[in-house]
$ cat structure_26.csv   # CSV, C-alpha atoms
chain,number,residue,atom,x,y,z
A,1,MET,CA,-2.0,-50.4,21.3
A,2,THR,CA,0.8,-51.4,18.9
A,3,LEU,CA,4.3,-52.0,20.4
A,4,VAL,CA,7.4,-50.9,18.3
A,5,HIS,CA,11.0,-51.5,19.4
A,6,LEU,CA,14.5,-52.1,18.2
A,7,TYR,CA,16.0,-55.6,18.2
A,8,ILE,CA,19.4,-57.0,17.2
A,9,ASP,CA,19.5,-60.2,15.1
A,10,GLU,CA,22.1,-62.9,15.1
A,11,THR,CA,24.4,-61.0,12.8
A,12,GLY,CA,24.5,-58.0,15.0
A,13,GLY,CA,22.2,-55.9,12.8
A,14,VAL,CA,19.8,-53.5,14.4
A,15,TYR,CA,16.2,-53.4,13.2
A,16,LYS,CA,12.8,-52.1,14.1
A,17,ARG,CA,10.0,-54.5,14.5
A,18,VAL,CA,6.3,-54.2,15.4
A,19,ARG,CA,4.2,-56.5,17.5
A,20,THR,CA,0.7,-57.0,16.3
A,21,VAL,CA,-2.4,-57.3,18.4
A,22,ALA,CA,-2.2,-61.0,17.8
A,23,GLY,CA,1.2,-61.1,19.4
A,24,VAL,CA,3.1,-61.7,16.1
A,25,TRP,CA,6.3,-59.7,15.5
A,26,LEU,CA,6.7,-58.2,12.1
A,27,PRO,CA,9.8,-56.4,10.7
A,28,TRP,CA,9.1,-52.7,10.2
A,29,ASP,CA,10.1,-52.8,6.5
A,30,GLY,CA,7.6,-55.6,6.0
A,31,LEU,CA,4.7,-53.4,6.9
A,32,ALA,CA,2.7,-51.7,4.2
A,33,SER,CA,3.3,-47.9,3.9
A,34,LYS,CA,0.5,-45.5,4.3
A,35,ASN,CA,0.7,-44.8,0.5
A,36,HIS,CA,0.1,-48.4,-0.3
A,37,THR,CA,-2.9,-49.0,-2.6
A,38,HIS,CA,-4.7,-51.8,-4.3
A,39,SER,CA,-6.9,-51.8,-7.4
A,40,ALA,CA,-10.6,-52.5,-6.7
A,41,PHE,CA,-10.2,-55.4,-9.1
A,42,ASP,CA,-7.6,-56.9,-6.8
A,43,LEU,CA,-10.1,-57.1,-4.0
A,44,PRO,CA,-13.0,-59.6,-3.6
A,45,SER,CA,-16.6,-58.4,-4.2
A,46,ALA,CA,-18.9,-58.3,-1.2
A,47,THR,CA,-21.6,-60.9,-0.8
A,48,THR,CA,-24.2,-61.7,1.8
A,49,GLN,CA,-21.8,-64.1,3.3
A,50,ALA,CA,-18.4,-62.2,3.1
A,51,ARG,CA,-17.0,-58.7,3.3
A,52,GLY,CA,-15.7,-57.1,0.2
A,53,VAL,CA,-16.0,-54.3,-2.4
A,54,THR,CA,-19.5,-53.2,-3.1
A,55,ILE,CA,-21.2,-50.6,-5.4
A,56,LEU,CA,-23.5,-47.9,-4.1
A,57,ASP,CA,-26.9,-48.1,-5.8
A,58,THR,CA,-29.9,-45.6,-5.8
A,59,SER,CA,-32.3,-48.1,-7.4
A,60,VAL,CA,-35.5,-49.0,-5.4
A,61,THR,CA,-36.4,-51.8,-7.8
A,62,SER,CA,-33.2,-53.8,-8.2
A,63,ASP,CA,-32.9,-57.3,-6.5
A,64,ALA,CA,-29.1,-57.3,-6.7
A,65,LYS,CA,-27.2,-58.8,-3.7
A,66,ASP,CA,-23.8,-57.4,-4.3
A,67,ARG,CA,-24.7,-53.7,-4.0
A,68,ALA,CA,-25.4,-51.3,-1.2
A,69,SER,CA,-28.4,-49.0,-1.1
A,70,THR,CA,-27.8,-45.3,-0.7
A,71,PRO,CA,-29.7,-43.0,1.7
A,72,SER,CA,-31.5,-41.4,-1.3
A,73,ALA,CA,-32.8,-44.9,-2.4
A,74,THR,CA,-33.9,-45.6,1.2
A,75,LYS,CA,-35.7,-42.3,1.4
A,76,GLN,CA,-37.5,-42.9,-1.9
A,77,ALA,CA,-38.6,-46.4,-0.7
A,78,TYR,CA,-39.7,-44.8,2.6
A,79,ASP,CA,-41.7,-42.1,0.8
A,80,ARG,CA,-43.4,-44.7,-1.4
A,81,ALA,CA,-44.3,-46.9,1.6
A,82,ASN,CA,-45.8,-43.8,3.4
A,83,GLU,CA,-47.8,-43.0,0.3
A,84,ALA,CA,-49.1,-46.6,0.0
A,85,TYR,CA,-50.0,-46.6,3.7
A,86,SER,CA,-51.9,-43.4,3.4
A,87,LEU,CA,-53.9,-44.7,0.4
A,88,ALA,CA,-54.6,-48.0,2.2
A,89,ASP,CA,-55.8,-46.1,5.3
A,90,GLN,CA,-58.0,-43.9,3.2
A,91,ALA,CA,-59.5,-46.9,1.4
A,92,PHE,CA,-60.1,-48.7,4.7
A,93,THR,CA,-61.9,-45.6,6.1
A,94,GLN,CA,-64.0,-45.3,3.0
A,95,ALA,CA,-64.9,-49.0,3.1
A,96,VAL,CA,-65.9,-48.8,6.7
A,97,ASP,CA,-68.1,-45.8,5.9
A,98,LEU,CA,-69.7,-47.5,2.9
A,99,LYS,CA,-70.4,-50.7,5.0
A,100,ASN,CA,-72.1,-48.6,7.7
A,101,LYS,CA,-74.2,-46.8,5.2
A,102,ILE,CA,-75.3,-50.1,3.6
A,103,VAL,CA,-76.1,-51.6,7.0
A,104,GLY,CA,-78.1,-48.4,7.8
A,105,ALA,CA,-80.0,-48.6,4.5
A,106,ILE,CA,-80.8,-52.3,5.1
A,107,ASN,CA,-82.1,-51.7,8.7
A,108,GLY,CA,-84.1,-48.7,7.4
A,109,LYS,CA,-85.9,-51.0,5.0
A,110,PHE,CA,-86.3,-54.4,6.7
A,111,GLY,CA,-83.7,-54.8,9.5
A,112,GLY,CA,-81.4,-57.7,10.4
A,113,ALA,CA,-78.0,-56.2,9.7
A,114,SER,CA,-75.2,-55.0,12.0
A,115,PRO,CA,-71.8,-53.3,11.4
A,116,ASP,CA,-69.9,-56.3,12.8
A,117,MET,CA,-71.2,-58.6,10.0
A,118,ASN,CA,-68.8,-59.6,7.1
A,119,SER,CA,-69.8,-59.1,3.5
A,120,ASP,CA,-71.2,-62.6,3.1
A,121,GLN,CA,-73.4,-62.2,6.1
A,122,ILE,CA,-74.7,-58.8,4.9
A,123,ALA,CA,-75.4,-60.3,1.5
A,124,ALA,CA,-77.4,-63.2,3.2
A,125,VAL,CA,-79.5,-60.6,5.0
A,126,ILE,CA,-80.4,-58.9,1.8
A,127,THR,CA,-81.1,-62.2,0.0
A,128,ASN,CA,-83.3,-63.6,2.7
A,129,ALA,CA,-85.2,-60.4,3.3
A,130,SER,CA,-89.0,-60.5,2.8
A,131,VAL,CA,-89.2,-57.8,0.2
A,132,LYS,CA,-92.3,-56.9,-1.8
A,133,ARG,CA,-91.6,-56.1,-5.4
A,134,PHE,CA,-93.2,-53.2,-7.3
A,135,ALA,CA,-93.9,-52.4,-10.9
A,136,ARG,CA,-95.7,-49.6,-12.7
A,137,GLY,CA,-96.8,-48.7,-16.2
A,138,SER,CA,-99.7,-47.3,-18.2
A,139,PHE,CA,-102.6,-48.5,-20.3
A,140,ASN,CA,-102.3,-45.4,-22.3
A,141,GLY,CA,-105.9,-44.5,-22.3
A,142,GLN,CA,-107.3,-47.9,-23.2
A,143,SER,CA,-111.0,-47.5,-23.5
A,144,ALA,CA,-114.3,-49.2,-23.9
A,145,GLY,CA,-117.9,-48.0,-24.3
A,146,ALA,CA,-121.3,-49.1,-23.1
A,147,PRO,CA,-123.6,-50.8,-25.6
A,148,ASN,CA,-126.4,-48.4,-24.8
A,149,TYR,CA,-127.4,-45.5,-22.5
A,150,SER,CA,-128.9,-47.8,-19.9
A,151,SER,CA,-125.9,-50.0,-19.4
A,152,GLY,CA,-122.4,-49.4,-18.0
A,153,ALA,CA,-119.1,-50.0,-19.8
A,154,THR,CA,-117.0,-53.1,-19.2
A,155,MET,CA,-113.3,-53.5,-20.0
A,156,SER,CA,-110.7,-56.3,-19.4
A,157,LEU,CA,-107.1,-55.2,-18.5
A,158,SER,CA,-103.9,-57.3,-18.6
A,159,VAL,CA,-100.2,-56.8,-18.1
A,160,ASN,CA,-97.5,-59.4,-19.0
A,161,ASN,CA,-93.7,-59.8,-18.5
A,162,MET,CA,-93.6,-58.2,-15.1
A,163,GLY,CA,-91.0,-60.4,-13.3
A,164,PHE,CA,-93.5,-61.3,-10.5
A,165,SER,CA,-97.2,-62.0,-9.9
A,166,PRO,CA,-98.9,-59.1,-8.1
A,167,SER,CA,-101.3,-59.5,-5.2
A,168,ARG,CA,-102.7,-55.9,-5.5
A,169,ILE,CA,-103.0,-53.4,-8.3
A,170,PHE,CA,-104.1,-49.8,-8.6
A,171,VAL,CA,-105.3,-48.2,-11.8
A,172,ARG,CA,-106.3,-44.6,-12.7
A,173,PHE,CA,-109.6,-44.5,-14.5
A,174,LYS,CA,-111.7,-41.8,-16.1
A,175,LEU,CA,-115.5,-42.2,-16.6
A,176,LYS,CA,-116.9,-40.1,-19.4
A,177,ASP,CA,-119.9,-39.9,-21.7
A,178,ASN,CA,-120.0,-39.9,-25.4
A,179,GLY,CA,-119.9,-36.1,-25.3
A,180,ASN,CA,-116.5,-36.3,-23.5
A,181,VAL,CA,-118.0,-35.0,-20.3
A,182,LEU,CA,-115.9,-36.2,-17.3
A,183,TYR,CA,-118.0,-37.7,-14.5
A,184,LEU,CA,-115.5,-39.5,-12.4
A,185,GLU,CA,-111.7,-39.8,-12.2
A,186,CYS,CA,-110.1,-42.0,-9.6
A,187,PHE,CA,-107.6,-44.7,-8.7
A,188,SER,CA,-109.4,-48.0,-8.2
A,189,THR,CA,-107.8,-51.1,-6.6
A,190,ALA,CA,-108.2,-54.8,-6.7
A,191,SER,CA,-106.4,-57.5,-4.7
A,192,VAL,CA,-105.9,-61.3,-4.3
A,193,PRO,CA,-107.7,-62.5,-2.2
A,194,GLN,CA,-110.4,-60.0,-2.6
A,195,SER,CA,-111.8,-60.4,0.9
A,196,ASP,CA,-113.7,-57.1,0.9
A,197,GLY,CA,-115.8,-58.0,-2.2
A,198,THR,CA,-116.1,-55.6,-5.1
A,199,TRP,CA,-114.1,-52.4,-5.0
A,200,ALA,CA,-116.3,-49.5,-6.2
A,201,LEU,CA,-115.7,-45.8,-6.2
A,202,TYR,CA,-118.6,-43.4,-6.6
A,203,GLY,CA,-118.7,-39.9,-8.0
A,204,ARG,CA,-121.4,-37.3,-8.7
A,205,PHE,CA,-124.9,-38.4,-9.4
A,206,ASN,CA,-123.8,-41.8,-7.9
A,207,ASN,CA,-121.8,-42.8,-11.0
A,208,TYR,CA,-119.3,-45.5,-10.1
A,209,ILE,CA,-116.2,-47.4,-11.3
A,210,SER,CA,-115.6,-50.9,-10.0
A,211,MET,CA,-112.5,-53.2,-10.6
A,212,TYR,CA,-112.6,-56.8,-9.7
A,213,ASN,CA,-111.6,-60.3,-10.7
A,214,LEU,CA,-107.9,-59.7,-10.3
A,215,THR,CA,-106.2,-62.9,-11.4
A,216,LYS,CA,-102.6,-63.7,-10.7
A,217,GLN,CA,-100.7,-65.4,-13.4
A,218,PRO,CA,-96.9,-66.2,-13.9
A,219,CYS,CA,-95.3,-62.7,-14.1
A,220,SER,CA,-98.6,-61.1,-15.2
A,221,PHE,CA,-102.2,-60.2,-14.2
A,222,THR,CA,-105.6,-59.7,-15.6
A,223,ALA,CA,-108.5,-57.7,-14.1
A,224,THR,CA,-112.0,-56.5,-15.1
A,225,VAL,CA,-113.4,-53.0,-14.7
A,226,GLU,CA,-117.0,-51.9,-15.1
A,227,THR,CA,-119.0,-48.7,-14.6
A,228,SER,CA,-122.5,-47.6,-14.0
A,229,ASN,CA,-124.5,-46.2,-16.8
A,230,ILE,CA,-124.2,-42.4,-17.0
A,231,ARG,CA,-126.5,-40.8,-14.4
A,232,GLU,CA,-127.0,-37.1,-14.7
A,233,TYR,CA,-129.4,-34.5,-13.2
A,234,ALA,CA,-131.2,-33.6,-16.3
A,235,GLY,CA,-131.8,-37.1,-17.5
A,236,GLY,CA,-131.1,-37.8,-21.2
A,237,SER,CA,-129.3,-40.8,-22.8
A,238,PRO,CA,-125.5,-40.3,-22.7
A,239,ILE,CA,-123.3,-43.4,-23.3
A,240,ALA,CA,-120.7,-44.4,-20.7
A,241,TYR,CA,-117.0,-44.6,-21.7
A,242,ILE,CA,-114.2,-45.9,-19.4
A,243,GLU,CA,-110.5,-45.0,-19.9
A,244,ALA,CA,-107.6,-46.8,-18.2
A,245,HIS,CA,-104.3,-44.9,-17.6
A,246,GLU,CA,-101.5,-45.5,-15.1
A,247,TRP,CA,-101.2,-48.7,-13.2
A,248,PHE,CA,-99.2,-49.8,-10.1
A,249,ALA,CA,-98.7,-53.4,-9.1
A,250,TYR,CA,-97.4,-54.9,-5.8
A,251,GLU,CA,-96.2,-58.4,-5.0

$ encode --input "structure_26.csv" --output "structure tokens"
Amino acid sequence: MTLVHLYIDETGGVYKRVRTVAGVWLPWDGLASKNHTHSAFDLPSATTQARGVTILDTSVTSDAKDRASTPSATKQAYDRANEAYSLADQAFTQAVDLKNKIVGAINGKFGGASPDMNSDQIAAVITNASVKRFARGSFNGQSAGAPNYSSGATMSLSVNNMGFSPSRIFVRFKLKDNGNVLYLECFSTASVPQSDGTWALYGRFNNYISMYNLTKQPCSFTATVETSNIREYAGGSPIAYIEAHEWFAYE
């Protein structure tokens, strides 16, 4: 509360004076009127250390320290923060889902992974897994014929540049005669080690195809295939021919 009263000075004059909150008496005519104004240039600028005149600013990218942000600028920054949070939350959810799917795929193949592993640990599980590699191709009908009707056909097969050395192969063969009559079509297999001896597959009239001597070499293999001579019900003297087609190789 401000105290205003009259006082008489030493000359006998009567004046009004005002007592400030600080207890200082000021003459009434020394107070600024309500119409008193100052130019903004007469007042100090606001800083982070002192009060003063400041400018309202709607920018959300400025790094000025002598301006005040408006509610619209604050709202814009708030909306952008919410958008960033939503995108980050979505990315996190997708990352967790992807990680769980990777862990599930690993465990479906060879096991050893769990969702609480970090990326380096999951990578180590994959790297250290005992995985058998696989390759396939075709011999495109590579063929060989027997020297005469009483002998079978023999053919050597080889594949290079595989990326690994296989321990087992499967090859589709066709056994025909020189009249193009098909006697046997089958997949024959050979392995290293070949503990079961020669692999032979028999067809009608006891005609057979046998693949053996699978040899592992750096990133390649060779094998030998042979057939019986052509055996048929009516006798005769057809010549045996062997054809090699698709192949599958396993580490």

$ residues_around --input "structure_26.csv" --residues "A:Ala64" --least-positions-apart "3" --cutoff "12 Å" --atoms "only C-alpha atoms" --output "list of chain:residue names"
A:Ala46, A:Thr47, A:Thr48, A:Thr54, A:Ile55, A:Leu56, A:Asp57, A:Thr58, A:Ser59, A:Val60, A:Thr61, A:Arg67, A:Ala68, A:Ser69

$ atom_distance --input "structure_26.csv" --atom1 "atom CA of A:Thr154" --atom2 "atom CA of A:Asn229"
10.5 Å

$ axis_aligned_box --input "structure_26.csv" --around "stretch 103-110 of chain A" --padding-each-side "5 Å" --output "AutoDock Vina command-line options"
--center_x -81.2 --center_y -51.4 --center_z 6.6 --size_x 20.2 --size_y 16.0 --size_z 14.2

$ closest_residue --input "structure_26.csv" --among "A:Ser167, A:Asn180, A:Ser130, A:Thr70" --to "A:Asn213" --atoms "all atoms listed in the file"
A:Ser167

$ residues_near_point --input "structure_26.csv" --point "(-98.5, -55.7, -16.7)" --cutoff "10 Å" --atoms "only C-alpha atoms" --output "count of residues only"
23

$ residues_near_point --input "structure_26.csv" --point "(-125.2, -46.9, -27.4)" --cutoff "12 Å" --atoms "all atoms listed in the file" --output "PyMOL selection string"
chain A and resi 144-153+177-178+229-230+237-241

$ write_last_selection --input "structure_26.csv" --atoms "C-alpha atoms" --output "mmCIF file, keeping the file's coordinate frame"
data_model
loop_
_atom_site.group_PDB
_atom_site.id
_atom_site.type_symbol
_atom_site.label_atom_id
_atom_site.label_comp_id
_atom_site.auth_asym_id
_atom_site.auth_seq_id
_atom_site.Cartn_x
_atom_site.Cartn_y
_atom_site.Cartn_z
ATOM 1 C CA ALA A 144 -114.300 -49.200 -23.900
ATOM 2 C CA GLY A 145 -117.900 -48.000 -24.300
ATOM 3 C CA ALA A 146 -121.300 -49.100 -23.100
ATOM 4 C CA PRO A 147 -123.600 -50.800 -25.600
ATOM 5 C CA ASN A 148 -126.400 -48.400 -24.800
ATOM 6 C CA TYR A 149 -127.400 -45.500 -22.500
ATOM 7 C CA SER A 150 -128.900 -47.800 -19.900
ATOM 8 C CA SER A 151 -125.900 -50.000 -19.400
ATOM 9 C CA GLY A 152 -122.400 -49.400 -18.000
ATOM 10 C CA ALA A 153 -119.100 -50.000 -19.800
ATOM 11 C CA ASP A 177 -119.900 -39.900 -21.700
ATOM 12 C CA ASN A 178 -120.000 -39.900 -25.400
ATOM 13 C CA ASN A 229 -124.500 -46.200 -16.800
ATOM 14 C CA ILE A 230 -124.200 -42.400 -17.000
ATOM 15 C CA SER A 237 -129.300 -40.800 -22.800
ATOM 16 C CA PRO A 238 -125.500 -40.300 -22.700
ATOM 17 C CA ILE A 239 -123.300 -43.400 -23.300
ATOM 18 C CA ALA A 240 -120.700 -44.400 -20.700
ATOM 19 C CA TYR A 241 -117.000 -44.600 -21.700
#

$ atom_distance --input "structure_26.csv" --atom1 "atom CA of A:Tyr212" --atom2 "atom CA of A:Gly141"
18.8 Å

$ residues_around --input "structure_26.csv" --residues "A:Gly104" --least-positions-apart "4" --cutoff "9 Å" --atoms "all atoms listed in the file" --output "PDB file with C-alpha atoms, in the coordinates of the input"
ATOM      1  CA  LYS A  99     -70.400 -50.700   5.000  1.00  0.00           C
ATOM      2  CA  ASN A 100     -72.100 -48.600   7.700  1.00  0.00           C
ATOM      3  CA  GLY A 108     -84.100 -48.700   7.400  1.00  0.00           C
ATOM      4  CA  LYS A 109     -85.900 -51.000   5.000  1.00  0.00           C
ATOM      5  CA  GLY A 111     -83.700 -54.800   9.500  1.00  0.00           C
ATOM      6  CA  ALA A 113     -78.000 -56.200   9.700  1.00  0.00           C
ATOM      7  CA  SER A 114     -75.200 -55.000  12.000  1.00  0.00           C
ATOM      8  CA  PRO A 115     -71.800 -53.300  11.400  1.00  0.00           C
TER       9      PRO A 115
END

$ decode --input "structure_26.csv" --residues "stretch 129-157 of chain A" --atoms "N, CA, C and O atoms" --output "compact mmCIF listing (two decimals), in the first residue's frame"
# COMPACT_ATOMS: atom_id res chain seq x y z
N ALA A 129 27.57 -71.66 -36.43
CA ALA A 129 26.64 -72.77 -36.64
C ALA A 129 27.24 -73.81 -37.59
O ALA A 129 27.96 -73.47 -38.54
N SER A 130 26.95 -75.05 -37.30
CA SER A 130 27.41 -76.14 -38.15
C SER A 130 26.40 -76.33 -39.28
O SER A 130 25.42 -77.05 -39.16
N VAL A 131 26.65 -75.62 -40.38
CA VAL A 131 25.71 -75.61 -41.50
C VAL A 131 26.32 -76.37 -42.68
O VAL A 131 27.48 -76.16 -43.04
N LYS A 132 25.54 -77.24 -43.28
CA LYS A 132 25.97 -77.96 -44.46
C LYS A 132 25.57 -77.17 -45.70
O LYS A 132 24.42 -76.82 -45.89
N ARG A 133 26.56 -76.88 -46.54
CA ARG A 133 26.27 -76.14 -47.76
C ARG A 133 25.75 -77.06 -48.86
O ARG A 133 25.99 -78.26 -48.84
N PHE A 134 25.07 -76.45 -49.81
CA PHE A 134 24.37 -77.20 -50.85
C PHE A 134 24.58 -76.51 -52.19
O PHE A 134 24.67 -75.28 -52.27
N ALA A 135 24.68 -77.31 -53.24
CA ALA A 135 24.80 -76.76 -54.60
C ALA A 135 24.06 -77.68 -55.56
O ALA A 135 23.84 -78.86 -55.28
N ARG A 136 23.68 -77.11 -56.70
CA ARG A 136 22.99 -77.91 -57.71
C ARG A 136 23.38 -77.40 -59.09
O ARG A 136 23.86 -76.29 -59.26
N GLY A 137 23.15 -78.26 -60.09
CA GLY A 137 23.45 -77.89 -61.47
C GLY A 137 22.98 -78.99 -62.40
O GLY A 137 22.16 -79.84 -62.04
N SER A 138 23.52 -79.00 -63.60
CA SER A 138 23.13 -80.02 -64.58
C SER A 138 24.31 -80.37 -65.46
O SER A 138 25.14 -79.51 -65.79
N PHE A 139 24.38 -81.65 -65.81
CA PHE A 139 25.37 -82.12 -66.79
C PHE A 139 24.83 -82.01 -68.22
O PHE A 139 25.53 -82.38 -69.17
N ASN A 140 23.59 -81.53 -68.33
CA ASN A 140 22.99 -81.23 -69.64
C ASN A 140 23.01 -82.41 -70.62
O ASN A 140 23.27 -82.26 -71.81
N GLY A 141 22.74 -83.58 -70.09
CA GLY A 141 22.66 -84.75 -70.97
C GLY A 141 23.99 -85.29 -71.44
O GLY A 141 24.07 -86.00 -72.46
N GLN A 142 25.06 -85.00 -70.68
CA GLN A 142 26.37 -85.59 -71.01
C GLN A 142 26.22 -87.11 -71.13
O GLN A 142 25.58 -87.74 -70.30
N SER A 143 26.79 -87.69 -72.18
CA SER A 143 26.53 -89.12 -72.45
C SER A 143 27.80 -89.86 -72.83
O SER A 143 28.82 -89.26 -73.19
N ALA A 144 27.68 -91.17 -72.73
CA ALA A 144 28.77 -92.05 -73.15
C ALA A 144 28.14 -93.38 -73.57
O ALA A 144 27.09 -93.77 -73.04
N GLY A 145 28.75 -94.05 -74.52
CA GLY A 145 28.23 -95.32 -75.00
C GLY A 145 29.17 -96.48 -74.73
O GLY A 145 30.38 -96.29 -74.53
N ALA A 146 28.60 -97.68 -74.68
CA ALA A 146 29.41 -98.88 -74.47
C ALA A 146 30.19 -99.21 -75.75
O ALA A 146 29.74 -98.90 -76.86
N PRO A 147 31.34 -99.87 -75.64
CA PRO A 147 32.12 -100.22 -76.84
C PRO A 147 31.46 -101.33 -77.69
O PRO A 147 31.68 -101.41 -78.89
N ASN A 148 30.61 -102.15 -77.04
CA ASN A 148 29.94 -103.23 -77.78
C ASN A 148 28.72 -103.67 -77.00
O ASN A 148 28.46 -103.20 -75.89
N TYR A 149 27.94 -104.60 -77.56
CA TYR A 149 26.67 -104.99 -76.94
C TYR A 149 26.86 -105.79 -75.66
O TYR A 149 25.94 -105.88 -74.83
N SER A 150 28.02 -106.38 -75.48
CA SER A 150 28.22 -107.21 -74.28
C SER A 150 28.83 -106.43 -73.12
O SER A 150 29.04 -107.00 -72.04
N SER A 151 29.11 -105.16 -73.32
CA SER A 151 29.72 -104.35 -72.26
C SER A 151 28.78 -103.22 -71.86
O SER A 151 27.90 -102.81 -72.61
N GLY A 152 28.99 -102.73 -70.65
CA GLY A 152 28.24 -101.57 -70.20
C GLY A 152 28.95 -100.27 -70.57
O GLY A 152 30.11 -100.28 -71.01
N ALA A 153 28.26 -99.15 -70.38
CA ALA A 153 28.84 -97.83 -70.65
C ALA A 153 29.49 -97.29 -69.38
O ALA A 153 29.02 -97.54 -68.26
N THR A 154 30.58 -96.54 -69.55
CA THR A 154 31.29 -95.92 -68.43
C THR A 154 31.51 -94.44 -68.74
O THR A 154 31.84 -94.09 -69.87
N MET A 155 31.32 -93.59 -67.71
CA MET A 155 31.46 -92.15 -67.93
C MET A 155 32.03 -91.51 -66.67
O MET A 155 31.70 -91.90 -65.54
N SER A 156 32.92 -90.52 -66.85
CA SER A 156 33.48 -89.76 -65.74
C SER A 156 32.77 -88.40 -65.66
O SER A 156 32.56 -87.73 -66.68
N LEU A 157 32.39 -88.00 -64.44
CA LEU A 157 31.71 -86.74 -64.20
C LEU A 157 32.57 -85.84 -63.32
O LEU A 157 33.26 -86.33 -62.42
